[in-house]
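In what follows, a single structure is set out as structure tokens and then discussed.
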2 protein chains.
Amino acid sequence: MAKSMSPELLTLVAERFKALADPARLRLLNVMRPGERTVGDLVDETGLSQANVSKHLAQLHSLGFVKRRKEGLFVYYALADKDIFRLCDVMCGRIEAELKDRARVLKATG
Amino acid sequence: MAKSMSPELLTLVAERFKALADPARLRLLNVMRPGERTVGDLVDETGLSQANVSKHLAQLHSLGFVKRRKEGLFVYYALADKDIFRLCDVMCGRIEAELKDRARVLKATG
DNA sequence: CCGAAACATAACTAAGTAGTAATATTATGA
DNA sequence: TCATAATATTACTACTTAGTTATGTTTCGG
């Protein structure tokens with residue numbers, strides 16, 4: 001984090017964290033991991049409704065997390081870059097550490 | 001992101017992103033960057049109300065982003081680790097790239 | 001003990017948001 | 001041009017949550 005983060009910058013950062021703060025959007029991003037997917041693919045692979053998927057994709061796209069490519073009737077979405085992996089890796093590392101710690105405590109207690 | 005992220009894991013990850021998806025909490029974390037702070041310090045340096053600060057700190061603490069140390073009447077909060085810097089750095093990099101890109105487009109258009 | 005200071009918590013309100021159902025838009029082929 | 005398929009958008013509802021006010025809890029000095 002830079003030395004002095006202005007409230008405006010913090011708002012922009014928060015806005016981006018918020019885009020990743022939803023299980024449905026994370027599922028969509030996860031499905032796109034191997035490569036681009038059409039909206040229909042994403043509907044099928046997540047079980048979410050079409051309208052819901054479209055809305056989530058619009059949000060992820062507006063913040064630059066995914067890119068879109070139109071081909072005939074279909075629109076292909078793909079991850080814009082590898083940042084999401086890095087971000088999720090950090091979070092997963094935290095969760096893993098927590099679980100380990102919890103297991104350690106349980107072992108010591110029980 | 002791991003190959004197969006279960007919905008449960010994604011929910012845990014989303015929960016943690018959500019903790020960072022608020023300007024007030026980011027401000028608190030930013031104030032704690034140089035070192036530990038009492039609740040009163042955080043109230044003064046952020047301008048948030050005491051109750052509000054306590055609530056945000058409880059949330060950040062429950063998810064392991066900050067640690068607490070009690071000393072007499074005062075409670076000192078501090079960043080639990082350096083993950084927050086890494087996470088915010090990624091987000092700031094994205095924002096910077098966006099702004100650059102927007103400037104480039106404006107230059108080409110105007 | 002008592003009062004005050006530091007912090008936490010509870011109850012409440014207002015604003016934001018995910019999901020749905022219905023409708024609109026766009027592109028294709030007959 | 002028309003019907004249809006894929007996606008986007010709109011209007012709405014239910015739920016969540018940030019902030020406030022008021023109150024509770026803990027700790028210490030006198």
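Naming scheme: A, B, ... for chains in displayed order of the structure tokens; residues 1 onward per chain; ligands 1 onward as shown.
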
Can you tell me which residues surround range 22-29 of chain D at a distance of at most 9 Å, considering only C-alpha atoms (C1' of nucleotides), apart from same-chain residues fewer than 2 positions away, and format the answer as a list in words? Gly72 and Leu73 of chain B; DA5, DA6, DC7, DA8, DT9, DA10 and DA11 of chain C

Hey, list the chain B side of the contact with chain D: 12 Å cut-off, only C-alpha atoms (C1' of nucleotides), answer as JSON, numbers by chain. {"B": [18, 19, 21, 22, 23, 24, 25, 48, 49, 50, 51, 52, 53, 54, 55, 56, 70, 71, 72, 73, 74, 75]}

Distance-based interface of chain C with chain A, 10 Å, counting only C-alpha atoms (C1' of nucleotides), as a ChimeraX atom specification: /C:18-21,26-28

Selection above as a file: C-alpha atoms (C1' of nucleotides), as an mmCIF file, in the first residue's frame:
data_model
loop_
_atom_site.group_PDB
_atom_site.id
_atom_site.type_symbol
_atom_site.label_atom_id
_atom_site.label_comp_id
_atom_site.auth_asym_id
_atom_site.auth_seq_id
_atom_site.Cartn_x
_atom_site.Cartn_y
_atom_site.Cartn_z
ATOM 1 C "C1'" DA C 18 -27.952 -10.107 -5.597
ATOM 2 C "C1'" DG C 19 -31.472 -12.567 -7.689
ATOM 3 C "C1'" DT C 20 -35.672 -13.046 -10.636
ATOM 4 C "C1'" DA C 21 -39.058 -12.317 -14.224
ATOM 5 C "C1'" DT C 26 -28.668 -7.914 -31.793
ATOM 6 C "C1'" DA C 27 -27.444 -11.218 -35.213
ATOM 7 C "C1'" DT C 28 -28.557 -15.174 -38.144
#

Would you give me, as a ChimeraX atom specification, the residues of chain B that come within 7 Å of chain A, using only C-alpha atoms? /B:1,10-11,13-15,17-18,20-23,26,83,85,87-92

Based on the selection just made, write C-alpha atoms of those residues as a compact mmCIF listing (two decimals), in the first residue's frame.
# COMPACT_ATOMS: atom_id res chain seq x y z
CA MET B 1 -6.57 -19.86 -8.10
CA LEU B 10 -15.19 -19.54 -2.86
CA THR B 11 -17.57 -18.34 -0.19
CA VAL B 13 -12.62 -16.19 -0.25
CA ALA B 14 -15.49 -13.85 -1.06
CA GLU B 15 -15.98 -13.18 2.62
CA PHE B 17 -12.55 -9.84 -0.19
CA LYS B 18 -15.68 -8.30 1.24
CA LEU B 20 -11.50 -5.20 2.13
CA ALA B 21 -14.33 -3.92 -0.04
CA ASP B 22 -15.06 -0.86 2.05
CA PRO B 23 -13.30 2.52 2.02
CA LEU B 26 -9.18 0.40 4.00
CA ASP B 83 -0.84 -9.60 2.81
CA PHE B 85 -0.01 -4.57 1.05
CA LEU B 87 -3.44 -7.24 -2.22
CA CYS B 88 -3.70 -3.48 -2.41
CA ASP B 89 -0.62 -3.27 -4.59
CA VAL B 90 -2.27 -5.49 -7.15
CA MET B 91 -5.42 -3.40 -7.11
CA CYS B 92 -3.50 -0.13 -7.29

Mobile chain A fitted to chain B over all in-order Cα pairs, reported as an mmCIF file with N, CA and C atoms, in the first residue's frame:
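Saved to part.cif:
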data_model
loop_
_atom_site.group_PDB
_atom_site.id
_atom_site.type_symbol
_atom_site.label_atom_id
_atom_site.label_comp_id
_atom_site.auth_asym_id
_atom_site.auth_seq_id
_atom_site.Cartn_x
_atom_site.Cartn_y
_atom_site.Cartn_z
ATOM 1 N N MET A 1 -5.334 -19.221 -8.577
ATOM 2 C CA MET A 1 -6.549 -19.911 -8.131
ATOM 3 C C MET A 1 -6.365 -21.405 -8.364
ATOM 4 N N ALA A 2 -6.637 -22.193 -7.356
ATOM 5 C CA ALA A 2 -6.459 -23.635 -7.491
ATOM 6 C C ALA A 2 -7.371 -24.189 -8.583
ATOM 7 N N LYS A 3 -7.014 -25.353 -9.113
ATOM 8 C CA LYS A 3 -7.754 -25.931 -10.234
ATOM 9 C C LYS A 3 -9.252 -25.982 -9.949
ATOM 10 N N SER A 4 -9.605 -26.634 -8.842
ATOM 11 C CA SER A 4 -11.012 -26.789 -8.533
ATOM 12 C C SER A 4 -11.326 -26.138 -7.200
ATOM 13 N N MET A 5 -11.923 -24.969 -7.265
ATOM 14 C CA MET A 5 -12.294 -24.281 -6.033
ATOM 15 C C MET A 5 -13.746 -24.624 -5.734
ATOM 16 N N SER A 6 -13.966 -25.252 -4.628
ATOM 17 C CA SER A 6 -15.330 -25.617 -4.253
ATOM 18 C C SER A 6 -16.133 -24.373 -3.942
ATOM 19 N N PRO A 7 -17.460 -24.459 -4.074
ATOM 20 C CA PRO A 7 -18.309 -23.320 -3.718
ATOM 21 C C PRO A 7 -18.068 -22.869 -2.281
ATOM 22 N N GLU A 8 -17.793 -23.814 -1.399
ATOM 23 C CA GLU A 8 -17.548 -23.442 0.002
ATOM 24 C C GLU A 8 -16.290 -22.589 0.122
ATOM 25 N N LEU A 9 -15.232 -23.024 -0.561
ATOM 26 C CA LEU A 9 -13.992 -22.257 -0.504
ATOM 27 C C LEU A 9 -14.190 -20.879 -1.122
ATOM 28 N N LEU A 10 -14.916 -20.836 -2.236
ATOM 29 C CA LEU A 10 -15.163 -19.546 -2.880
ATOM 30 C C LEU A 10 -15.934 -18.607 -1.961
ATOM 31 N N THR A 11 -16.813 -19.185 -1.152
ATOM 32 C CA THR A 11 -17.547 -18.356 -0.199
ATOM 33 C C THR A 11 -16.603 -17.776 0.855
ATOM 34 N N LEU A 12 -15.672 -18.592 1.303
ATOM 35 C CA LEU A 12 -14.693 -18.101 2.276
ATOM 36 C C LEU A 12 -13.826 -17.001 1.669
ATOM 37 N N VAL A 13 -13.424 -17.204 0.428
ATOM 38 C CA VAL A 13 -12.601 -16.201 -0.250
ATOM 39 C C VAL A 13 -13.401 -14.912 -0.426
ATOM 40 N N ALA A 14 -14.632 -15.044 -0.866
ATOM 41 C CA ALA A 14 -15.473 -13.864 -1.065
ATOM 42 C C ALA A 14 -15.639 -13.088 0.238
ATOM 43 N N GLU A 15 -15.807 -13.830 1.313
ATOM 44 C CA GLU A 15 -15.979 -13.195 2.621
ATOM 45 C C GLU A 15 -14.771 -12.317 2.957
ATOM 46 N N ARG A 16 -13.602 -12.784 2.592
ATOM 47 C CA ARG A 16 -12.390 -12.016 2.888
ATOM 48 C C ARG A 16 -12.228 -10.813 1.965
ATOM 49 N N PHE A 17 -12.569 -10.998 0.715
ATOM 50 C CA PHE A 17 -12.545 -9.844 -0.191
ATOM 51 C C PHE A 17 -13.534 -8.784 0.297
ATOM 52 N N LYS A 18 -14.655 -9.247 0.806
ATOM 53 C CA LYS A 18 -15.670 -8.305 1.266
ATOM 54 C C LYS A 18 -15.162 -7.442 2.415
ATOM 55 N N ALA A 19 -14.336 -8.032 3.235
ATOM 56 C CA ALA A 19 -13.784 -7.277 4.363
ATOM 57 C C ALA A 19 -12.928 -6.110 3.876
ATOM 58 N N LEU A 20 -12.359 -6.267 2.696
ATOM 59 C CA LEU A 20 -11.510 -5.204 2.137
ATOM 60 C C LEU A 20 -12.277 -4.322 1.161
ATOM 61 N N ALA A 21 -13.552 -4.602 0.984
ATOM 62 C CA ALA A 21 -14.343 -3.912 -0.029
ATOM 63 C C ALA A 21 -15.072 -2.719 0.547
ATOM 64 N N ASP A 22 -14.439 -2.017 1.453
ATOM 65 C CA ASP A 22 -15.076 -0.857 2.075
ATOM 66 C C ASP A 22 -14.032 0.220 2.341
ATOM 67 N N PRO A 23 -14.283 1.442 1.873
ATOM 68 C CA PRO A 23 -13.305 2.527 2.022
ATOM 69 C C PRO A 23 -12.930 2.782 3.475
ATOM 70 N N ALA A 24 -13.894 2.696 4.375
ATOM 71 C CA ALA A 24 -13.609 2.973 5.776
ATOM 72 C C ALA A 24 -12.617 1.953 6.329
ATOM 73 N N ARG A 25 -12.837 0.690 6.030
ATOM 74 C CA ARG A 25 -11.911 -0.331 6.535
ATOM 75 C C ARG A 25 -10.534 -0.176 5.908
ATOM 76 N N LEU A 26 -10.481 0.182 4.637
ATOM 77 C CA LEU A 26 -9.178 0.399 4.000
ATOM 78 C C LEU A 26 -8.464 1.578 4.632
ATOM 79 N N ARG A 27 -9.232 2.589 5.011
ATOM 80 C CA ARG A 27 -8.613 3.744 5.683
ATOM 81 C C ARG A 27 -8.011 3.321 7.009
ATOM 82 N N LEU A 28 -8.750 2.516 7.752
ATOM 83 C CA LEU A 28 -8.241 2.032 9.030
ATOM 84 C C LEU A 28 -6.946 1.248 8.829
ATOM 85 N N LEU A 29 -6.959 0.347 7.869
ATOM 86 C CA LEU A 29 -5.761 -0.457 7.603
ATOM 87 C C LEU A 29 -4.601 0.447 7.190
ATOM 88 N N ASN A 30 -4.902 1.450 6.408
ATOM 89 C CA ASN A 30 -3.871 2.363 5.941
ATOM 90 C C ASN A 30 -3.249 3.146 7.095
ATOM 91 N N VAL A 31 -4.095 3.552 8.036
ATOM 92 C CA VAL A 31 -3.580 4.284 9.203
ATOM 93 C C VAL A 31 -2.688 3.375 10.052
ATOM 94 N N MET A 32 -3.010 2.088 10.082
ATOM 95 C CA MET A 32 -2.213 1.148 10.876
ATOM 96 C C MET A 32 -0.913 0.757 10.205
ATOM 97 N N ARG A 33 -0.738 1.223 8.991
ATOM 98 C CA ARG A 33 0.429 0.794 8.229
ATOM 99 C C ARG A 33 1.754 1.035 8.965
ATOM 100 N N PRO A 34 1.976 2.237 9.508
ATOM 101 C CA PRO A 34 3.264 2.453 10.161
ATOM 102 C C PRO A 34 3.428 1.673 11.466
ATOM 103 N N GLY A 35 2.321 1.271 12.069
ATOM 104 C CA GLY A 35 2.442 0.533 13.328
ATOM 105 C C GLY A 35 1.126 0.515 14.080
ATOM 106 N N GLU A 36 1.136 -0.103 15.238
ATOM 107 C CA GLU A 36 -0.112 -0.305 15.981
ATOM 108 C C GLU A 36 -0.716 1.017 16.434
ATOM 109 N N ARG A 37 -2.026 0.995 16.574
ATOM 110 C CA ARG A 37 -2.787 2.179 16.960
ATOM 111 C C ARG A 37 -3.884 1.765 17.937
ATOM 112 N N THR A 38 -4.201 2.669 18.855
ATOM 113 C CA THR A 38 -5.349 2.426 19.728
ATOM 114 C C THR A 38 -6.618 2.760 18.953
ATOM 115 N N VAL A 39 -7.731 2.322 19.493
ATOM 116 C CA VAL A 39 -9.015 2.636 18.852
ATOM 117 C C VAL A 39 -9.192 4.146 18.777
ATOM 118 N N GLY A 40 -8.822 4.827 19.858
ATOM 119 C CA GLY A 40 -8.932 6.284 19.877
ATOM 120 C C GLY A 40 -8.088 6.934 18.798
ATOM 121 N N ASP A 41 -6.857 6.434 18.629
ATOM 122 C CA ASP A 41 -6.009 6.940 17.549
ATOM 123 C C ASP A 41 -6.724 6.820 16.213
ATOM 124 N N LEU A 42 -7.279 5.648 15.992
ATOM 125 C CA LEU A 42 -7.929 5.379 14.704
ATOM 126 C C LEU A 42 -9.137 6.281 14.500
ATOM 127 N N VAL A 43 -9.863 6.530 15.596
ATOM 128 C CA VAL A 43 -11.001 7.456 15.514
ATOM 129 C C VAL A 43 -10.508 8.834 15.095
ATOM 130 N N ASP A 44 -9.447 9.292 15.759
ATOM 131 C CA ASP A 44 -8.922 10.624 15.457
ATOM 132 C C ASP A 44 -8.395 10.715 14.028
ATOM 133 N N GLU A 45 -7.659 9.709 13.629
ATOM 134 C CA GLU A 45 -6.973 9.792 12.332
ATOM 135 C C GLU A 45 -7.883 9.516 11.135
ATOM 136 N N THR A 46 -9.037 8.940 11.391
ATOM 137 C CA THR A 46 -9.945 8.670 10.268
ATOM 138 C C THR A 46 -11.176 9.567 10.276
ATOM 139 N N GLY A 47 -11.519 10.103 11.456
ATOM 140 C CA GLY A 47 -12.715 10.917 11.534
ATOM 141 C C GLY A 47 -13.983 10.094 11.643
ATOM 142 N N LEU A 48 -13.843 8.782 11.701
ATOM 143 C CA LEU A 48 -15.013 7.922 11.869
ATOM 144 C C LEU A 48 -15.442 7.918 13.340
ATOM 145 N N SER A 49 -16.699 7.545 13.582
ATOM 146 C CA SER A 49 -17.177 7.501 14.960
ATOM 147 C C SER A 49 -16.559 6.312 15.692
ATOM 148 N N GLN A 50 -16.550 6.395 17.017
ATOM 149 C CA GLN A 50 -15.949 5.330 17.812
ATOM 150 C C GLN A 50 -16.669 4.001 17.611
ATOM 151 N N ALA A 51 -17.971 4.045 17.620
ATOM 152 C CA ALA A 51 -18.724 2.799 17.455
ATOM 153 C C ALA A 51 -18.456 2.180 16.085
ATOM 154 N N ASN A 52 -18.388 3.039 15.121
ATOM 155 C CA ASN A 52 -18.148 2.579 13.752
ATOM 156 C C ASN A 52 -16.766 1.931 13.635
ATOM 157 N N VAL A 53 -15.774 2.595 14.219
ATOM 158 C CA VAL A 53 -14.418 2.036 14.184
ATOM 159 C C VAL A 53 -14.378 0.687 14.879
ATOM 160 N N SER A 54 -14.999 0.589 16.041
ATOM 161 C CA SER A 54 -15.011 -0.672 16.776
ATOM 162 C C SER A 54 -15.622 -1.794 15.951
ATOM 163 N N LYS A 55 -16.703 -1.461 15.272
ATOM 164 C CA LYS A 55 -17.363 -2.487 14.463
ATOM 165 C C LYS A 55 -16.482 -2.953 13.305
ATOM 166 N N HIS A 56 -15.863 -1.996 12.640
ATOM 167 C CA HIS A 56 -14.988 -2.367 11.526
ATOM 168 C C HIS A 56 -13.797 -3.187 12.017
ATOM 169 N N LEU A 57 -13.259 -2.790 13.161
ATOM 170 C CA LEU A 57 -12.107 -3.519 13.694
ATOM 171 C C LEU A 57 -12.490 -4.949 14.065
ATOM 172 N N ALA A 58 -13.675 -5.105 14.619
ATOM 173 C CA ALA A 58 -14.127 -6.446 14.981
ATOM 174 C C ALA A 58 -14.187 -7.331 13.743
ATOM 175 N N GLN A 59 -14.680 -6.748 12.661
ATOM 176 C CA GLN A 59 -14.785 -7.516 11.416
ATOM 177 C C GLN A 59 -13.408 -7.878 10.869
ATOM 178 N N LEU A 60 -12.515 -6.895 10.854
ATOM 179 C CA LEU A 60 -11.160 -7.150 10.345
ATOM 180 C C LEU A 60 -10.434 -8.159 11.228
ATOM 181 N N HIS A 61 -10.706 -8.100 12.529
ATOM 182 C CA HIS A 61 -10.036 -9.012 13.457
ATOM 183 C C HIS A 61 -10.567 -10.434 13.325
ATOM 184 N N SER A 62 -11.864 -10.542 13.143
ATOM 185 C CA SER A 62 -12.461 -11.877 13.049
ATOM 186 C C SER A 62 -11.952 -12.614 11.811
ATOM 187 N N LEU A 63 -11.543 -11.867 10.797
ATOM 188 C CA LEU A 63 -11.031 -12.497 9.579
ATOM 189 C C LEU A 63 -9.509 -12.511 9.545
ATOM 190 N N GLY A 64 -8.898 -12.096 10.643
ATOM 191 C CA GLY A 64 -7.449 -12.241 10.754
ATOM 192 C C GLY A 64 -6.630 -11.178 10.063
ATOM 193 N N PHE A 65 -7.226 -10.061 9.688
ATOM 194 C CA PHE A 65 -6.449 -9.011 9.029
ATOM 195 C C PHE A 65 -5.707 -8.129 10.020
ATOM 196 N N VAL A 66 -6.231 -8.028 11.240
ATOM 197 C CA VAL A 66 -5.545 -7.251 12.274
ATOM 198 C C VAL A 66 -5.460 -8.074 13.558
ATOM 199 N N LYS A 67 -4.475 -7.743 14.376
ATOM 200 C CA LYS A 67 -4.337 -8.389 15.681
ATOM 201 C C LYS A 67 -4.536 -7.347 16.766
ATOM 202 N N ARG A 68 -4.967 -7.773 17.958
ATOM 203 C CA ARG A 68 -5.212 -6.832 19.029
ATOM 204 C C ARG A 68 -4.393 -7.170 20.258
ATOM 205 N N ARG A 69 -4.061 -6.102 20.996
ATOM 206 C CA ARG A 69 -3.263 -6.241 22.199
ATOM 207 C C ARG A 69 -3.858 -5.283 23.211
ATOM 208 N N LYS A 70 -4.257 -5.803 24.319
ATOM 209 C CA LYS A 70 -4.907 -4.966 25.324
ATOM 210 C C LYS A 70 -3.874 -4.524 26.358
ATOM 211 N N GLU A 71 -3.931 -3.237 26.709
ATOM 212 C CA GLU A 71 -2.987 -2.712 27.695
ATOM 213 C C GLU A 71 -3.731 -1.687 28.542
ATOM 214 N N GLY A 72 -4.141 -2.110 29.715
ATOM 215 C CA GLY A 72 -4.929 -1.218 30.560
ATOM 216 C C GLY A 72 -6.248 -0.905 29.908
ATOM 217 N N LEU A 73 -6.543 0.371 29.838
ATOM 218 C CA LEU A 73 -7.807 0.766 29.228
ATOM 219 C C LEU A 73 -7.758 0.710 27.713
ATOM 220 N N PHE A 74 -6.558 0.671 27.167
ATOM 221 C CA PHE A 74 -6.414 0.803 25.726
ATOM 222 C C PHE A 74 -6.299 -0.542 25.018
ATOM 223 N N VAL A 75 -6.782 -0.561 23.807
ATOM 224 C CA VAL A 75 -6.601 -1.731 22.952
ATOM 225 C C VAL A 75 -5.832 -1.279 21.718
ATOM 226 N N TYR A 76 -4.714 -1.948 21.497
ATOM 227 C CA TYR A 76 -3.887 -1.615 20.335
ATOM 228 C C TYR A 76 -4.160 -2.585 19.206
ATOM 229 N N TYR A 77 -4.428 -2.028 18.045
ATOM 230 C CA TYR A 77 -4.631 -2.846 16.845
ATOM 231 C C TYR A 77 -3.450 -2.661 15.900
ATOM 232 N N ALA A 78 -3.115 -3.738 15.217
ATOM 233 C CA ALA A 78 -2.030 -3.681 14.234
ATOM 234 C C ALA A 78 -2.323 -4.645 13.096
ATOM 235 N N LEU A 79 -1.723 -4.384 11.966
ATOM 236 C CA LEU A 79 -1.881 -5.290 10.826
ATOM 237 C C LEU A 79 -1.314 -6.656 11.199
ATOM 238 N N ALA A 80 -2.021 -7.687 10.832
ATOM 239 C CA ALA A 80 -1.608 -9.043 11.201
ATOM 240 C C ALA A 80 -0.429 -9.511 10.364
ATOM 241 N N ASP A 81 -0.351 -9.072 9.130
ATOM 242 C CA ASP A 81 0.730 -9.493 8.240
ATOM 243 C C ASP A 81 0.811 -8.529 7.066
ATOM 244 N N LYS A 82 1.614 -8.897 6.083
ATOM 245 C CA LYS A 82 1.854 -7.998 4.943
ATOM 246 C C LYS A 82 0.937 -8.296 3.755
ATOM 247 N N ASP A 83 0.031 -9.235 3.925
ATOM 248 C CA ASP A 83 -0.845 -9.599 2.806
ATOM 249 C C ASP A 83 -1.600 -8.413 2.256
ATOM 250 N N ILE A 84 -2.048 -7.558 3.158
ATOM 251 C CA ILE A 84 -2.858 -6.426 2.718
ATOM 252 C C ILE A 84 -2.099 -5.544 1.733
ATOM 253 N N PHE A 85 -0.802 -5.374 1.985
ATOM 254 C CA PHE A 85 -0.001 -4.583 1.057
ATOM 255 C C PHE A 85 0.017 -5.236 -0.318
ATOM 256 N N ARG A 86 0.222 -6.530 -0.305
ATOM 257 C CA ARG A 86 0.289 -7.247 -1.582
ATOM 258 C C ARG A 86 -1.029 -7.115 -2.333
ATOM 259 N N LEU A 87 -2.117 -7.311 -1.598
ATOM 260 C CA LEU A 87 -3.442 -7.241 -2.223
ATOM 261 C C LEU A 87 -3.712 -5.847 -2.779
ATOM 262 N N CYS A 88 -3.450 -4.843 -1.963
ATOM 263 C CA CYS A 88 -3.715 -3.476 -2.405
ATOM 264 C C CYS A 88 -2.786 -3.072 -3.532
ATOM 265 N N ASP A 89 -1.553 -3.581 -3.497
ATOM 266 C CA ASP A 89 -0.624 -3.270 -4.583
ATOM 267 C C ASP A 89 -1.166 -3.762 -5.922
ATOM 268 N N VAL A 90 -1.706 -4.955 -5.913
ATOM 269 C CA VAL A 90 -2.277 -5.488 -7.156
ATOM 270 C C VAL A 90 -3.396 -4.579 -7.646
ATOM 271 N N MET A 91 -4.297 -4.227 -6.723
ATOM 272 C CA MET A 91 -5.433 -3.388 -7.105
ATOM 273 C C MET A 91 -4.960 -2.017 -7.574
ATOM 274 N N CYS A 92 -4.004 -1.443 -6.872
ATOM 275 C CA CYS A 92 -3.510 -0.129 -7.277
ATOM 276 C C CYS A 92 -2.858 -0.201 -8.645
ATOM 277 N N GLY A 93 -2.140 -1.281 -8.901
ATOM 278 C CA GLY A 93 -1.539 -1.469 -10.216
ATOM 279 C C GLY A 93 -2.589 -1.474 -11.295
ATOM 280 N N ARG A 94 -3.709 -2.128 -11.018
ATOM 281 C CA ARG A 94 -4.798 -2.174 -11.991
ATOM 282 C C ARG A 94 -5.348 -0.778 -12.242
ATOM 283 N N ILE A 95 -5.551 -0.037 -11.177
ATOM 284 C CA ILE A 95 -6.116 1.309 -11.315
ATOM 285 C C ILE A 95 -5.164 2.210 -12.093
ATOM 286 N N GLU A 96 -3.894 2.100 -11.756
ATOM 287 C CA GLU A 96 -2.881 2.900 -12.447
ATOM 288 C C GLU A 96 -2.907 2.607 -13.946
ATOM 289 N N ALA A 97 -2.954 1.316 -14.270
ATOM 290 C CA ALA A 97 -2.986 0.916 -15.683
ATOM 291 C C ALA A 97 -4.215 1.484 -16.372
ATOM 292 N N GLU A 98 -5.337 1.442 -15.666
ATOM 293 C CA GLU A 98 -6.572 1.995 -16.225
ATOM 294 C C GLU A 98 -6.435 3.480 -16.520
ATOM 295 N N LEU A 99 -5.896 4.199 -15.562
ATOM 296 C CA LEU A 99 -5.760 5.643 -15.727
ATOM 297 C C LEU A 99 -4.829 5.962 -16.882
ATOM 298 N N LYS A 100 -3.749 5.219 -16.969
ATOM 299 C CA LYS A 100 -2.810 5.415 -18.077
ATOM 300 C C LYS A 100 -3.510 5.191 -19.397
ATOM 301 N N ASP A 101 -4.278 4.112 -19.436
ATOM 302 C CA ASP A 101 -4.970 3.756 -20.658
ATOM 303 C C ASP A 101 -5.980 4.828 -21.032
ATOM 304 N N ARG A 102 -6.644 5.337 -20.021
ATOM 305 C CA ARG A 102 -7.635 6.373 -20.271
ATOM 306 C C ARG A 102 -6.945 7.634 -20.814
ATOM 307 N N ALA A 103 -5.796 7.933 -20.240
ATOM 308 C CA ALA A 103 -5.044 9.102 -20.696
ATOM 309 C C ALA A 103 -4.598 8.921 -22.142
ATOM 310 N N ARG A 104 -4.183 7.704 -22.466
ATOM 311 C CA ARG A 104 -3.741 7.402 -23.828
ATOM 312 C C ARG A 104 -4.880 7.602 -24.823
ATOM 313 N N VAL A 105 -6.050 7.086 -24.432
ATOM 314 C CA VAL A 105 -7.207 7.223 -25.302
ATOM 315 C C VAL A 105 -7.569 8.689 -25.495
ATOM 316 N N LEU A 106 -7.540 9.426 -24.403
ATOM 317 C CA LEU A 106 -7.873 10.846 -24.477
ATOM 318 C C LEU A 106 -6.901 11.575 -25.405
ATOM 319 N N LYS A 107 -5.626 11.216 -25.294
ATOM 320 C CA LYS A 107 -4.609 11.840 -26.126
ATOM 321 C C LYS A 107 -4.868 11.544 -27.609
ATOM 322 N N ALA A 108 -5.203 10.294 -27.880
ATOM 323 C CA ALA A 108 -5.445 9.883 -29.262
ATOM 324 C C ALA A 108 -6.716 10.521 -29.816
ATOM 325 N N THR A 109 -7.704 10.653 -28.939
ATOM 326 C CA THR A 109 -9.001 11.190 -29.375
ATOM 327 C C THR A 109 -8.960 12.714 -29.497
ATOM 328 N N GLY A 110 -8.501 13.347 -28.376
ATOM 329 C CA GLY A 110 -8.497 14.809 -28.371
ATOM 330 C C GLY A 110 -7.374 15.305 -29.244
#

List every residue of chain A that DSSP, applied to the backbone of this structure, assigns to helix (DSSP H, G or I), and report them as a VMD selection string. chain A and resid 7 to 19 23 to 31 39 to 46 50 to 62 83 to 109

Could you go through range 15-87 of chain A and tell me which residues DSSP, when run on the backbone, assigns to strand (DSSP E), listing them as a tab-separated table (two decimals) with N, CA and C atoms, in the first residue's frame?
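Saved the output as selection02.tsv:
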chain	number	residue	atom	x	y	z
A	37	ARG	N	-15.10	-18.37	-22.41
A	37	ARG	CA	-16.38	-19.07	-22.36
A	37	ARG	C	-17.47	-18.12	-22.86
A	38	THR	N	-18.48	-18.71	-23.49
A	38	THR	CA	-19.65	-17.91	-23.87
A	38	THR	C	-20.52	-17.73	-22.63
A	66	VAL	N	-12.49	-8.96	-16.74
A	66	VAL	CA	-12.67	-9.86	-17.88
A	66	VAL	C	-12.75	-9.04	-19.17
A	67	LYS	N	-12.41	-9.69	-20.27
A	67	LYS	CA	-12.53	-9.05	-21.58
A	67	LYS	C	-13.57	-9.80	-22.40
A	68	ARG	N	-14.20	-9.11	-23.36
A	68	ARG	CA	-15.23	-9.75	-24.16
A	68	ARG	C	-14.89	-9.69	-25.64
A	69	ARG	N	-15.38	-10.72	-26.34
A	69	ARG	CA	-15.14	-10.83	-27.77
A	69	ARG	C	-16.44	-11.34	-28.37
A	70	LYS	N	-16.97	-10.59	-29.28
A	70	LYS	CA	-18.25	-10.96	-29.87
A	70	LYS	C	-18.01	-11.71	-31.17
A	71	GLU	N	-18.75	-12.81	-31.35
A	71	GLU	CA	-18.60	-13.60	-32.57
A	71	GLU	C	-19.98	-14.11	-32.96
A	74	PHE	N	-22.77	-15.12	-30.38
A	74	PHE	CA	-22.14	-15.43	-29.10
A	74	PHE	C	-21.19	-14.35	-28.62
A	75	VAL	N	-21.10	-14.23	-27.33
A	75	VAL	CA	-20.11	-13.34	-26.73
A	75	VAL	C	-19.20	-14.20	-25.85
A	76	TYR	N	-17.91	-14.11	-26.15
A	76	TYR	CA	-16.94	-14.87	-25.38
A	76	TYR	C	-16.29	-13.99	-24.33
A	77	TYR	N	-16.30	-14.48	-23.11
A	77	TYR	CA	-15.64	-13.77	-22.01
A	77	TYR	C	-14.39	-14.54	-21.59
A	78	ALA	N	-13.39	-13.79	-21.19
A	78	ALA	CA	-12.15	-14.41	-20.71
A	78	ALA	C	-11.52	-13.52	-19.65
A	79	LEU	N	-10.71	-14.12	-18.82
A	79	LEU	CA	-9.99	-13.35	-17.80
A	79	LEU	C	-9.08	-12.34	-18.49
